[in-house]
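Worksheet: one structure, shown below.
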2 protein chains.
Amino acid sequence: MSKQIRLNAFAMNCVGHLSPGLWRHPRDQQAARYTDIHYWIELAKTLERGKIDGLFLADVLGVYDVYHGNADAALSAGAQVPANDPLQLVPAMAAATEHLGFGITASVSFEHPFPFARRISTLDHLTGGRAGWNIVTSYLSSGARNLGLKQQLNHQQRYALAEEYLEVCYKLWEASWDDDAVVADRASGVYADPRKVHPIEHKGEHFEVPGFHLSQPSPQRTPVLYQAGASSRGKVFAAGNAECVFVAAPTRNILRDQVADLRRLAVEAGRQASDVLVLNQLTVIVAPTDAEALAKLEDYRQYSDREGTLALVSGWTGIDFGEYAPDQVLRHVQSDAIQSAVDAFSAADPQRQWTAAEIADYCALGGDGPLLVGSPQTVADQLQAWVEETDVDGFNLSSLVAPETFVDIVDLLVPELQARGLFKREYEQGTLRHKLFGQGDRLGASHRAAKLRRGAE
Amino acid sequence: MSKQIRLNAFAMNCVGHLSPGLWRHPRDQQAARYTDIHYWIELAKTLERGKIDGLFLADVLGVYDVYHGNADAALSAGAQVPANDPLQLVPAMAAATEHLGFGITASVSFEHPFPFARRISTLDHLTGGRAGWNIVTSYLSSGARNLGLKQQLNHQQRYALAEEYLEVCYKLWEASWDDDAVVADRASGVYADPRKVHPIEHKGEHFEVPGFHLSQPSPQRTPVLYQAGASSRGKVFAAGNAECVFVAAPTRNILRDQVADLRRLAVEAGRQASDVLVLNQLTVIVAPTDAEALAKLEDYRQYSDREGTLALVSGWTGIDFGEYAPDQVLRHVQSDAIQSAVDAFSAADPQRQWTAAEIADYCALGGDGPLLVGSPQTVADQLQAWVEETDVDGFNLSSLVAPETFVDIVDLLVPELQARGLFKREYEQGTLRHKLFGQGDRLGASHRAAKLRRGAE
């Protein structure tokens, strides 16, 4: 049988995630209903009907205010602002499903690991072991300013802090409560055996946490760990910690190199190459026929919002694209940052003369990942080629019109992939980690967190 | 018609809340199911069936380690440890109900107000305007230590910090987004009008928050504000900020004075006496007949855990009751703290010679509030007397065996109160605040937060 493709739905608790302006589409429901818990419950049921592996929730704790130096374009387009807390959506969706996994995005910069570890343990309990955490090392600087920080930590400092933050979390999750600490014996009256609950006595550069974890062990203890790290330091961090890595490679060549790189780094970190699943961000427009899918693309495109898109891209790159006329060829601008951005876009598509307008056009529907459009057969052919040529494990699928994009994927694309033997017809039993790796609920022995377990030395 | 009694259910996301050891009762479900979201969904439906005003979730971010200087007794008895995050329970319960209010407990000491305000706005959105916040100014010192704080702030510092924390939250909730900031006009493509979204530009002693709130206005904007403050400074804080105040008065005389005091302080703070609802903590054992209720009391009592109870009381008072023999008369101990504790217990019950064993016995079932036992008629008679003699607005009802205590209240006590015209037969429409005060969704004009609204000066 061919390699099974993993599919995540990628969403955000906001009006519009990666396709500014599409909230205006007459069939979009999310903009009007993102504050309604029933919208999310219905979405979770749809995804589980399609055997989708997980719903991944992005988050930012700031606003896109690089473009023109303010957040006007982002606010006007509803581009990731307003944005609500993702965490609170998950238990309600978990109650309505049995197998769907859930990932939430949370930064190590802005909540202390002691309460954060409890939040995640609670999430893993309430989902019955279906919790994932997308480890983010920074946020937009507007977020940092609102937390009273004068500036973001630099790159190296951020990763040093992140490594210690994870160490505290790992100790709380893996080393504080023995497997048999919870006795829950009504006869003896002992709920937890105090001799088997251990203070972690962490004393580090950034954190001091003497006590024990407040939550009893959850099904997975450590949630499934996700990370998106594009920089070389980020990739080392991901290879050393993450079980699933998000990338956003625009072409198969670029993706093939990234996948190989991550697997090599995982091995260098003492893990198996297969210990890390790599998921590429990708957007799909699928309809019964190619012609209908192309018509859908044209229909969607008329709702996209150039200003909102440039607000997002300016935030991602740190470049204020509002400083340039829409048709100015950016290759001629004297700026290392601009040249680096143009290089990246040119690698994605060498045919274009990159201008702000071209960038907005390219990123308007689903951000900077690939956009596949066609019939179920066409899209399945392409996905199959992506997997065969790059060794990628699966895809993080964003929506254009929500939940329509996800409904189309579930109703049209999934059956085609199943017919080809490329996608499961039933979920595996067990926790999210067991579903993904088939080796039980707990982090594998080669992971650094396993070495913090009591008696592991 | 008589004054309508308000009833809250009081619970915690843990094995056992206020009655250590009762988790061992054969009919207790919470200990085995508190990590199961369906347990909480069922509880919420039960409470809504009984037209209960709200479910209030306590929380601690620490452990009860004063007794014998360690957490052994608390762990062994499952006394508020392990304890999970309360926040994540609420949206799932809200999805299964229409009217029940929800309060969560959160401290101002341990999360920055910028992300916290977003969490609460999200909660108010997802509950459709049924969110309440129990403002806590401190936690157990074991919690502070695990956040890297060398010691708790002193009393005055805590309240100064709390006042500024609230000011930041009020500005984010009330003064950042104009009522007409969200346009959501598909034709013009404007989601939010940037001219109507205002940075709060807060610069204070503890916090600097320049930006605007990340969430669009929720139904209530500011959640219904609850507070429990027993000290004189705490009462001033509560009278100036809280809309509902929790007290735990053991006798009607004590409660009458506390209610009068709070109403006077509210008026001194420029509010109406009726702007503050006072709820007394109370535990009810109700059964079809008095004899059956008394039998239930005896049945319950045999499961109580003295060590676990003393762990809680030692944590609440800061006194290590493990230093004294169970039958040592504490009145003879040379210690101001002990004398003050004995005075408080003697005011509750002058008949007893207070020893550690007597304190444990007194607090074993439902903590230090009153315990009412009897038929629906007997308990209703007593509640009616409490209300008539004290002017209290209602009660915060904790459980002994969960959810049995709440089921008994809903099935037996509520119909009796309804028959007497003391309790509503149907919920009011609207947000939690409107249900409680009948004057709309928003904080009243006399509240200090209203004065922070744009154009309020």
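Letters A, B, ... mark the chains of the structure tokens in the order given; residue numbers begin at 1 per chain; ligand numbers begin at 1, in order shown.
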
**OP:** Give me the residues within 8 Å of Val401 (chain A) as an MDAnalysis selection string, counting only C-alpha atoms and dropping any in the same chain fewer than 5 places off.
**Re:** chainID A and resid 22:23 25 27:29 300

Subject >> Residues near Arg145 (chain B), cut-off 12 Å, only C-alpha atoms, skip fewer than 4 positions along chain, as JSON, numbers by chain >> reply: {"A": [114, 201, 202, 203, 207, 208, 209, 210, 211, 212], "B": [61, 62, 63, 110, 139, 140, 141, 149, 150, 151, 152, 153]}

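You can rank A:Leu87, A:Ala71, A:Leu452, A:Val108 by their closest distance to Ser138 (chain A) using only C-alpha atoms, and at the top of that list sits A:Val108.
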
**OP:** Using only C-alpha atoms, find the one residue out of B:Asp193, B:Glu98, B:Asp368, B:Glu111 that sits nearest to Leu126 (chain B).
**Re:**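 Smallest separation from Leu126 (chain B) among the options: B:Glu98.
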
Original post:
Could you name the residues that touch region 369-377 of chain A at 9 Å or less, counting only C-alpha atoms, but leaving out those on the same chain fewer than 5 positions away, as a PyMOL selection string?
Top reply: chain A and resi 247-251+280-294+296-297+348+363+382-383+409+412-417

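Residues of region 68-207 of chain B that DSSP, applied to the backbone, places in strand (DSSP E): Gly101, Phe102, Gly103, Ile104, Thr105, Ala106, Ser107, Ala131, Gly132, Trp133, Asn134, Ile135, Val136, Val182, Val183, Ala184, Asp185, Val190, Tyr191, Ala192, His202 and Lys203 of chain B.
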
File of the preceding selection, N, CA and C atoms, as a PDB file, in the first residue's frame:
ATOM      1  N   GLY B 101     -25.725  30.669  33.783  1.00  0.00           N
ATOM      2  CA  GLY B 101     -24.537  31.515  33.822  1.00  0.00           C
ATOM      3  C   GLY B 101     -23.315  30.709  34.235  1.00  0.00           C
ATOM      4  N   PHE B 102     -22.138  31.286  33.960  1.00  0.00           N
ATOM      5  CA  PHE B 102     -20.890  30.590  34.290  1.00  0.00           C
ATOM      6  C   PHE B 102     -19.897  31.576  34.876  1.00  0.00           C
ATOM      7  N   GLY B 103     -19.341  31.228  36.011  1.00  0.00           N
ATOM      8  CA  GLY B 103     -18.300  32.073  36.584  1.00  0.00           C
ATOM      9  C   GLY B 103     -17.019  31.297  36.699  1.00  0.00           C
ATOM     10  N   ILE B 104     -15.928  31.924  36.335  1.00  0.00           N
ATOM     11  CA  ILE B 104     -14.652  31.265  36.581  1.00  0.00           C
ATOM     12  C   ILE B 104     -13.798  32.137  37.489  1.00  0.00           C
ATOM     13  N   THR B 105     -12.971  31.459  38.241  1.00  0.00           N
ATOM     14  CA  THR B 105     -12.081  32.106  39.181  1.00  0.00           C
ATOM     15  C   THR B 105     -10.721  32.297  38.524  1.00  0.00           C
ATOM     16  N   ALA B 106     -10.190  33.494  38.602  1.00  0.00           N
ATOM     17  CA  ALA B 106      -8.848  33.732  38.062  1.00  0.00           C
ATOM     18  C   ALA B 106      -8.190  34.856  38.840  1.00  0.00           C
ATOM     19  N   SER B 107      -6.926  34.679  39.109  1.00  0.00           N
ATOM     20  CA  SER B 107      -6.182  35.645  39.910  1.00  0.00           C
ATOM     21  C   SER B 107      -5.555  36.722  39.044  1.00  0.00           C
ATOM     22  N   ALA B 131     -20.914  35.038  30.834  1.00  0.00           N
ATOM     23  CA  ALA B 131     -19.644  34.862  31.542  1.00  0.00           C
ATOM     24  C   ALA B 131     -19.548  35.742  32.780  1.00  0.00           C
ATOM     25  N   GLY B 132     -19.021  35.152  33.842  1.00  0.00           N
ATOM     26  CA  GLY B 132     -18.694  35.886  35.055  1.00  0.00           C
ATOM     27  C   GLY B 132     -17.253  35.604  35.439  1.00  0.00           C
ATOM     28  N   TRP B 133     -16.658  36.553  36.139  1.00  0.00           N
ATOM     29  CA  TRP B 133     -15.265  36.389  36.580  1.00  0.00           C
ATOM     30  C   TRP B 133     -15.192  36.653  38.071  1.00  0.00           C
ATOM     31  N   ASN B 134     -14.716  35.673  38.793  1.00  0.00           N
ATOM     32  CA  ASN B 134     -14.447  35.831  40.212  1.00  0.00           C
ATOM     33  C   ASN B 134     -13.031  36.355  40.366  1.00  0.00           C
ATOM     34  N   ILE B 135     -12.915  37.619  40.714  1.00  0.00           N
ATOM     35  CA  ILE B 135     -11.611  38.298  40.778  1.00  0.00           C
ATOM     36  C   ILE B 135     -10.896  37.895  42.062  1.00  0.00           C
ATOM     37  N   VAL B 136      -9.780  37.230  41.917  1.00  0.00           N
ATOM     38  CA  VAL B 136      -9.000  36.807  43.072  1.00  0.00           C
ATOM     39  C   VAL B 136      -7.709  37.605  43.088  1.00  0.00           C
ATOM     40  N   VAL B 182     -17.499  47.439  14.618  1.00  0.00           N
ATOM     41  CA  VAL B 182     -17.632  46.289  13.721  1.00  0.00           C
ATOM     42  C   VAL B 182     -18.729  46.585  12.710  1.00  0.00           C
ATOM     43  N   VAL B 183     -18.320  46.736  11.460  1.00  0.00           N
ATOM     44  CA  VAL B 183     -19.250  47.067  10.390  1.00  0.00           C
ATOM     45  C   VAL B 183     -19.742  45.779   9.720  1.00  0.00           C
ATOM     46  N   ALA B 184     -18.797  44.891   9.439  1.00  0.00           N
ATOM     47  CA  ALA B 184     -19.103  43.586   8.831  1.00  0.00           C
ATOM     48  C   ALA B 184     -20.004  43.749   7.616  1.00  0.00           C
ATOM     49  N   ASP B 185     -19.614  44.673   6.777  1.00  0.00           N
ATOM     50  CA  ASP B 185     -20.415  44.980   5.588  1.00  0.00           C
ATOM     51  C   ASP B 185     -19.791  44.301   4.370  1.00  0.00           C
ATOM     52  N   VAL B 190     -15.666  46.267   4.444  1.00  0.00           N
ATOM     53  CA  VAL B 190     -15.077  46.693   5.724  1.00  0.00           C
ATOM     54  C   VAL B 190     -15.580  45.792   6.832  1.00  0.00           C
ATOM     55  N   TYR B 191     -14.659  45.088   7.491  1.00  0.00           N
ATOM     56  CA  TYR B 191     -15.076  44.329   8.664  1.00  0.00           C
ATOM     57  C   TYR B 191     -15.119  45.255   9.878  1.00  0.00           C
ATOM     58  N   ALA B 192     -13.992  45.858  10.218  1.00  0.00           N
ATOM     59  CA  ALA B 192     -13.981  46.803  11.349  1.00  0.00           C
ATOM     60  C   ALA B 192     -13.464  48.146  10.863  1.00  0.00           C
ATOM     61  N   HIS B 202      -2.429  52.533  27.905  1.00  0.00           N
ATOM     62  CA  HIS B 202      -2.301  52.455  29.365  1.00  0.00           C
ATOM     63  C   HIS B 202      -0.835  52.431  29.770  1.00  0.00           C
ATOM     64  N   LYS B 203      -0.491  53.289  30.695  1.00  0.00           N
ATOM     65  CA  LYS B 203       0.873  53.352  31.219  1.00  0.00           C
ATOM     66  C   LYS B 203       0.756  53.486  32.726  1.00  0.00           C
TER      67      LYS B 203
END
